[in-house]
Amino acid sequence: MTQESKKSIALGVVTALITGFAIWLFTVNPPAQGIERRLELTPPYSHDRGFAYTAAAPHQLRTDQAVTNSANVSLMEDGRILGPAGAPVTVISEDGKGAFSLSGDTLTFSASDNSDPNDNGKRYTAMFRVPLPAALYLGVVLAAYLVALVVLWALLKRILAQQHRLRLVAYWVANGILFVAVIQAVFWILVDVQLLRLDPSVRACYRSWFRDKKLVPGASDPTPPLMFTQHHYLNYVLNPDATINGTRQINDKYLIRRSEKLRSRNEIKWRALTLGGSTTFCTGLDREADTWPHILEQSVRQQCGPDCEVINGGVPGYSTLENFIHYVILLRFLEPDLVILYEGINDVHPRLFGNISPDYSNYRKPWRSHGGGLPAPKPHLSALYAYRYVYLNKIILPAGELGIEAFASKKGPSPAEWPAALQRNSPDIFRSHLDALVRLIRSSGTKVAVIPSHFVVRRPTDVAFIEGVRGHNLVNREISEKYGLPFAQKIVQPGVFERSDTRDNCHFTVKGSHKMAGLIFDFLSENGLLPENCSASSRSAR
């Protein structure tokens with residue numbers, strides 16, 4: 001056997017092995033499918049309340065990057081799939097019947113017959129899919145590409161043995177086609193592996209654009225709901241159909257973050273409403289139970305009874321003007337006894353854009369993108385996975401992560417222009433809006449408490465921005481004094497919050513959220529703003 005024959009055989013064997021493995025890998029375990037894992041839950045389970053029980057999520061479930069929320073997990077009871085997944089804790093505890101949710105390291109669930117899972121003799125199994133490493137798929141593609149080049153050259157040498165120049169041209173043309181195919185395959189793998197790790201709502205959004213062939217210019221937007229949707233009076237509102245960490249947390253009537261059913265006003269003795277932006281909504285905290293309004297509500301209920309509510313009326317990106325409109329058209333019908341205003345940070349943004357307008361039109365732009373909220377992909381580029389990868393990461397994910405500012409605000413000036421803009425545009429518009437909001441709330445006999453904004457410098461741009469926040473905190477104090485309102489000065493005193501209490505310049509971590517709730521509870525108690533029958537006992541208890 002000649003040396004040339006040995007090389008041909010070796011090349012054939014390598015080609016067959018790589019081809020066979022590639023076919024098996026991409027057909028049996030394609031990037032979008034992943035591999036299935038099943039993990040047995042082990043009792044005892046802790047009783048939460050009602051029909052809800054909790055279990056510590058198995059280590060593999062907590063640490064696997066593909067399992068980001070309960071929407072990516074199935075829970076089985078003796079082989080029967082339970083659900084709905086991602087149900088609010090109130091639904092699990094009050095309705096049960098197999099509802100469950102996964103949040104962080106805790107799995108909250110109920111038995112299908114609402115029995116005690118510690119005693120009913122049934123097995124509970126968590127099932128989820130995880131993608132194989134993207135590097136494995138990419139390595140196979142690269143190996144196949146290199147082998148293809150070798151095989152291509154060997155074939156051309158035989159076919160065009162005497163035509164050296166034509167052989168080179170044919171080789172580089174074919175190599176160019178292969179290279180384009182490899183780039184397409186690389187981004188296809190990256191997209192599919194990433195999609196498997198994301199919330200199902202994001203996957204559905206992607207599929208509706210790119211896989212359901214709905215990229216028709218001028219057609220209505222087919223994207224499923226993300227965190228925000230357009231509104232006929234407000235520019236945008238929270239979308240009741242959206243999920244956070246796989247759970248529905250948005251009240252469909254008042255468009256606020258509230259999964260617990262709102263009782264009628266005659267069923268409760270006291271109700272507080274918090275108004276603000278993302279720092280009230282608590283952007284970044286996927287569990288509603290970790291938000292400071294919810295923690296505050298639990299503290300009030302513990303001291304004052306279960307028939308008390310603290311409603312989270314914060315909406316990411318809302319300025320005082322938008323909170324005013326939201327209150328007029330919806331939230332005032334909650335008939336709160338107390339409104340807690342945590343305003344000011346989002347009203348700094350309009351002061352950075354040109355000459356400020358009373359309606360903030362110098363800053364805002366209409367958000368009316370086909371009803372679904374996202375700019376439509378370009379149909380002529382939709383076949384390119386590199387474009388899909390960019391669209392997924394630059395458009396879909398920012399919207400899904402509460403990046404509404406990217407769509408509802410104009411392109412702003414450079415940070416170098418901010419100091420001059422803040423000098424040019426005074427806090428007078430904010431003062432006017434805050435004054436109007438306070439007068440509106442007080443006109444119905446509702447009490448008002450004002451909380452100054454906590455903001456710290458984390459980035460170079462924060463140095464200029466914090467001056468606007470400080471100016472608005474002075475306005476907060478001024479309006480409080482004007483109307484004799486309680487003002488929580490302690491919130492902005494040095495040393496009250498630590499660096500670990502916020503994940504950026506103003507959004508609280510779980511630790512910071514607990515501290516914020518405690519500070520506001522003490523503030524309300526000290527100023528006699530809690531229900532009359534518990535203010536004194538609350539003060540002594542804490």
# chains A, B, ... in the order shown; residues from 1 in each chain; ligands from 1
>>> closest_atom_pairs(of="range 238-281 of chain A", to="range 81-87 of chain A", cutoff="12 Å", atoms="only C-alpha atoms", output="Markdown table")
| residue | atom | partner | partner_atom | distance |
| --- | --- | --- | --- | --- |
| A:Ala242 | CA | A:Gly86 | CA | 11.8 |
| A:Thr243 | CA | A:Gly86 | CA | 8.5 |
| A:Ile244 | CA | A:Gly86 | CA | 9.0 |
| A:Asn245 | CA | A:Gly86 | CA | 7.8 |
| A:Gly246 | CA | A:Gly86 | CA | 5.1 |
| A:Thr247 | CA | A:Gly86 | CA | 4.2 |
| A:Arg248 | CA | A:Ala87 | CA | 6.9 |
| A:Gln249 | CA | A:Ala87 | CA | 9.0 |
| A:Ser259 | CA | A:Ala87 | CA | 9.1 |
| A:Glu260 | CA | A:Ala87 | CA | 10.8 |
>>> write_last_selection(atoms="N, CA, C and O atoms", output="mmCIF file, in the first residue's frame")
data_model
loop_
_atom_site.group_PDB
_atom_site.id
_atom_site.type_symbol
_atom_site.label_atom_id
_atom_site.label_comp_id
_atom_site.auth_asym_id
_atom_site.auth_seq_id
_atom_site.Cartn_x
_atom_site.Cartn_y
_atom_site.Cartn_z
ATOM 1 N N ALA A 242 -46.893 39.553 31.076
ATOM 2 C CA ALA A 242 -45.460 39.311 31.173
ATOM 3 C C ALA A 242 -45.152 38.474 32.413
ATOM 4 O O ALA A 242 -45.946 38.402 33.356
ATOM 5 N N THR A 243 -43.996 37.845 32.402
ATOM 6 C CA THR A 243 -43.555 37.079 33.567
ATOM 7 C C THR A 243 -42.226 37.631 34.053
ATOM 8 O O THR A 243 -41.430 38.159 33.273
ATOM 9 N N ILE A 244 -42.001 37.512 35.349
ATOM 10 C CA ILE A 244 -40.727 37.862 35.967
ATOM 11 C C ILE A 244 -40.219 36.603 36.639
ATOM 12 O O ILE A 244 -40.874 36.065 37.527
ATOM 13 N N ASN A 245 -39.060 36.135 36.187
ATOM 14 C CA ASN A 245 -38.514 34.891 36.721
ATOM 15 C C ASN A 245 -39.514 33.746 36.567
ATOM 16 O O ASN A 245 -39.624 32.858 37.402
ATOM 17 N N GLY A 246 -40.275 33.797 35.484
ATOM 18 C CA GLY A 246 -41.214 32.725 35.193
ATOM 19 C C GLY A 246 -42.540 32.828 35.912
ATOM 20 O O GLY A 246 -43.391 31.949 35.760
ATOM 21 N N THR A 247 -42.762 33.878 36.691
ATOM 22 C CA THR A 247 -44.019 34.013 37.422
ATOM 23 C C THR A 247 -44.745 35.283 36.993
ATOM 24 O O THR A 247 -44.111 36.297 36.690
ATOM 25 N N ARG A 248 -46.055 35.220 36.997
ATOM 26 C CA ARG A 248 -46.870 36.388 36.692
ATOM 27 C C ARG A 248 -47.024 37.216 37.962
ATOM 28 O O ARG A 248 -47.509 36.722 38.972
ATOM 29 N N GLN A 249 -46.600 38.478 37.886
ATOM 30 C CA GLN A 249 -46.619 39.332 39.065
ATOM 31 C C GLN A 249 -47.330 40.662 38.824
ATOM 32 O O GLN A 249 -47.352 41.511 39.711
ATOM 33 N N SER A 259 -49.048 40.262 42.830
ATOM 34 C CA SER A 259 -49.603 38.949 42.479
ATOM 35 C C SER A 259 -50.717 38.541 43.426
ATOM 36 O O SER A 259 -51.609 37.796 43.044
ATOM 37 N N GLU A 260 -50.671 39.020 44.677
ATOM 38 C CA GLU A 260 -51.738 38.700 45.614
ATOM 39 C C GLU A 260 -53.024 39.398 45.190
ATOM 40 O O GLU A 260 -53.007 40.559 44.773
#
>>> select_by_dssp(residues="range 91-214 of chain A", states="alpha helix (DSSP H)", output="PyMOL selection string")
chain A and resi 91-94+134-159+164-197+200-210
>>> residues_around(residues="Ser513 in chain A", least_positions_apart="2", cutoff="9 Å", atoms="only C-alpha atoms", output="VMD selection string")
chain A and resid 282 290 to 293 295 501 to 502 507 to 511 515 to 518
>>> atom_distance(atom1="CA of Glu417 in chain A", atom2="CA of Arg459 in chain A")
16.0 Å
>>> closest_atom_pairs(of="range 325-401 of chain A", to="range 422-434 of chain A", cutoff="12 Å", atoms="only C-alpha atoms", output="tab-separated table")
residue	atom	partner	partner_atom	distance
A:Ile325	CA	A:His433	CA	10.6
A:Leu341	CA	A:Leu434	CA	9.3
A:Tyr342	CA	A:Leu434	CA	10.7
A:Glu343	CA	A:Leu434	CA	8.2
A:Gly344	CA	A:Phe430	CA	7.6
A:Ile345	CA	A:Phe430	CA	10.3
A:Asn346	CA	A:Phe430	CA	9.9
A:Asp347	CA	A:Phe430	CA	6.4
A:Val348	CA	A:Pro427	CA	8.2
A:His349	CA	A:Leu422	CA	9.6
A:Pro350	CA	A:Asn425	CA	8.8
A:Arg351	CA	A:Asn425	CA	5.4
A:Leu352	CA	A:Leu422	CA	6.3
A:Phe353	CA	A:Asn425	CA	8.9
A:Gly354	CA	A:Asn425	CA	8.4
A:Asn355	CA	A:Asn425	CA	6.6
A:Ile356	CA	A:Asn425	CA	6.1
A:Ser357	CA	A:Ile429	CA	8.0
A:Pro358	CA	A:Ile429	CA	6.0
A:Asp359	CA	A:Ile429	CA	8.8
A:Tyr360	CA	A:Ile429	CA	8.9
A:Asn362	CA	A:Asn425	CA	11.5
>>> closest_residue(among="A:Thr108, A:Asp78, A:Asn114, A:Gly96", to="Asp48 in chain A", atoms="only C-alpha atoms")
A:Thr108
>>> closest_residue(among="A:Asp337, A:Asp307, A:Asp462, A:Glu36", to="Val130 in chain A", atoms="only C-alpha atoms")
A:Glu36
>>> atom_distance(atom1="CA of Val147 in chain A", atom2="CA of Phe179 in chain A")
12.7 Å
>>> residues_around(residues="range 190-195 of chain A", least_positions_apart="2", cutoff="9 Å", atoms="only C-alpha atoms", output="PyMOL selection string")
chain A and resi 30-34+66+131-134+138+185-188+197-200+202-203+206+385-386+388-389+392
>>> write_last_selection(atoms="N, CA, C and O atoms", output="compact mmCIF listing (two decimals), in the first residue's frame")
# COMPACT_ATOMS: atom_id res chain seq x y z
N PRO A 30 -29.69 18.43 19.42
CA PRO A 30 -29.46 19.74 18.80
C PRO A 30 -29.33 20.83 19.86
O PRO A 30 -29.80 20.67 20.99
N PRO A 31 -28.68 21.95 19.52
CA PRO A 31 -28.43 23.01 20.51
C PRO A 31 -29.70 23.52 21.19
O PRO A 31 -29.68 23.88 22.36
N ALA A 32 -30.81 23.56 20.46
CA ALA A 32 -32.05 24.12 21.04
C ALA A 32 -32.77 23.15 21.96
O ALA A 32 -33.70 23.54 22.66
N GLN A 33 -32.33 21.88 22.00
CA GLN A 33 -33.06 20.88 22.78
C GLN A 33 -32.41 20.61 24.12
O GLN A 33 -33.07 20.56 25.16
N GLY A 34 -31.09 20.45 24.14
CA GLY A 34 -30.43 20.12 25.39
C GLY A 34 -30.69 18.69 25.81
O GLY A 34 -31.31 17.91 25.10
N ALA A 66 -28.77 26.81 33.07
CA ALA A 66 -29.93 26.76 32.18
C ALA A 66 -31.22 26.95 32.94
O ALA A 66 -32.23 27.32 32.37
N PRO A 131 -28.56 22.74 28.12
CA PRO A 131 -27.84 22.61 26.85
C PRO A 131 -26.46 22.01 27.05
O PRO A 131 -25.83 22.18 28.09
N LEU A 132 -26.01 21.25 26.07
CA LEU A 132 -24.61 20.87 26.06
C LEU A 132 -23.77 22.12 25.83
O LEU A 132 -24.26 23.12 25.30
N PRO A 133 -22.52 22.11 26.23
CA PRO A 133 -21.69 23.32 26.05
C PRO A 133 -21.63 23.76 24.60
O PRO A 133 -21.47 22.94 23.69
N ALA A 134 -21.76 25.06 24.40
CA ALA A 134 -21.68 25.59 23.04
C ALA A 134 -20.33 25.25 22.41
O ALA A 134 -20.22 25.04 21.20
N LEU A 138 -19.40 24.04 18.61
CA LEU A 138 -18.49 24.88 17.83
C LEU A 138 -17.24 24.11 17.44
O LEU A 138 -16.71 24.26 16.33
N ALA A 185 -23.45 28.72 10.85
CA ALA A 185 -23.62 27.64 11.82
C ALA A 185 -23.20 28.08 13.21
O ALA A 185 -23.85 27.74 14.22
N VAL A 186 -22.12 28.85 13.31
CA VAL A 186 -21.63 29.32 14.61
C VAL A 186 -22.69 30.16 15.31
O VAL A 186 -23.00 29.95 16.49
N PHE A 187 -23.26 31.12 14.60
CA PHE A 187 -24.26 31.98 15.22
C PHE A 187 -25.58 31.24 15.46
O PHE A 187 -26.30 31.56 16.42
N TRP A 188 -25.89 30.25 14.62
CA TRP A 188 -27.07 29.41 14.89
C TRP A 188 -26.90 28.69 16.22
O TRP A 188 -27.81 28.66 17.05
N ARG A 197 -31.44 28.81 27.63
CA ARG A 197 -31.18 29.30 28.99
C ARG A 197 -32.12 30.44 29.38
O ARG A 197 -32.15 30.83 30.55
N LEU A 198 -32.88 30.96 28.43
CA LEU A 198 -33.68 32.14 28.70
C LEU A 198 -35.12 31.80 29.05
O LEU A 198 -35.57 30.67 28.89
N ASP A 199 -35.84 32.83 29.53
CA ASP A 199 -37.24 32.67 29.88
C ASP A 199 -38.05 32.27 28.64
O ASP A 199 -37.78 32.73 27.53
N PRO A 200 -39.06 31.41 28.81
CA PRO A 200 -39.87 31.00 27.65
C PRO A 200 -40.50 32.16 26.89
O PRO A 200 -40.70 32.06 25.68
N VAL A 202 -39.12 34.95 26.22
CA VAL A 202 -38.11 35.45 25.29
C VAL A 202 -37.99 34.50 24.10
O VAL A 202 -37.89 34.93 22.95
N ARG A 203 -38.02 33.20 24.38
CA ARG A 203 -37.96 32.23 23.28
C ARG A 203 -39.16 32.38 22.36
O ARG A 203 -39.04 32.30 21.13
N TYR A 206 -38.69 35.41 20.15
CA TYR A 206 -37.75 35.13 19.07
C TYR A 206 -38.39 34.28 17.98
O TYR A 206 -38.28 34.56 16.79
N TYR A 385 -28.03 34.33 10.76
CA TYR A 385 -28.04 34.09 12.20
C TYR A 385 -27.17 35.10 12.96
O TYR A 385 -27.41 35.34 14.15
N ALA A 386 -26.20 35.67 12.31
CA ALA A 386 -25.44 36.72 12.96
C ALA A 386 -26.34 37.91 13.28
O ALA A 386 -26.26 38.51 14.36
N ARG A 388 -29.64 37.68 13.69
CA ARG A 388 -30.56 37.21 14.73
C ARG A 388 -29.90 37.29 16.11
O ARG A 388 -30.55 37.65 17.09
N TYR A 389 -28.63 36.94 16.15
CA TYR A 389 -27.90 36.99 17.42
C TYR A 389 -27.84 38.42 17.93
O TYR A 389 -28.06 38.68 19.13
N LEU A 392 -31.39 39.52 19.06
CA LEU A 392 -31.74 38.91 20.34
C LEU A 392 -31.09 39.65 21.50
O LEU A 392 -31.74 39.94 22.52
>>> residues_around(residues="Val300 in chain A", least_positions_apart="5", cutoff="9 Å", atoms="only C-alpha atoms", output="VMD selection string")
chain A and resid 295 305 to 306 308 to 310 521 530 to 531 534 538
>>> closest_residue(among="A:Ala408, A:Leu196, A:Val28, A:Ile479", to="Val448 in chain A", atoms="only C-alpha atoms")
A:Ile479
>>> atom_distance(atom1="CA of His514 in chain A", atom2="CA of Val438 in chain A")
26.8 Å
>>> select_by_dssp(residues="range 216-451 of chain A", states="strand (DSSP E)", output="number ranges by chain")
A: 228-230, 236-238, 250-251, 256-257, 270-276, 308-312, 338-342, 447-450
>>> residues_around(residues="Gly277 in chain A", least_positions_apart="5", cutoff="12 Å", atoms="only C-alpha atoms", output="PyMOL selection string")
chain A and resi 237-238+256-257+282-283+312-324+326+341-347+402+404-405+453+506-507
>>> closest_residue(among="A:Val463, A:Cys304, A:Leu440, A:Gln489", to="Trp418 in chain A", atoms="only C-alpha atoms")
A:Val463
>>> residues_around(residues="Ala170 in chain A", least_positions_apart="2", cutoff="12 Å", atoms="only C-alpha atoms", output="number ranges by chain")
A: 149, 152-153, 155-157, 159-160, 163-168, 172-177
>>> closest_residue(among="A:Lys269, A:Glu532, A:Trp209, A:Tyr145", to="Lys378 in chain A", atoms="only C-alpha atoms")
A:Trp209
>>> closest_residue(among="A:Ser444, A:Tyr391, A:Ala144, A:Gln184", to="Gly20 in chain A", atoms="only C-alpha atoms")
A:Ala144
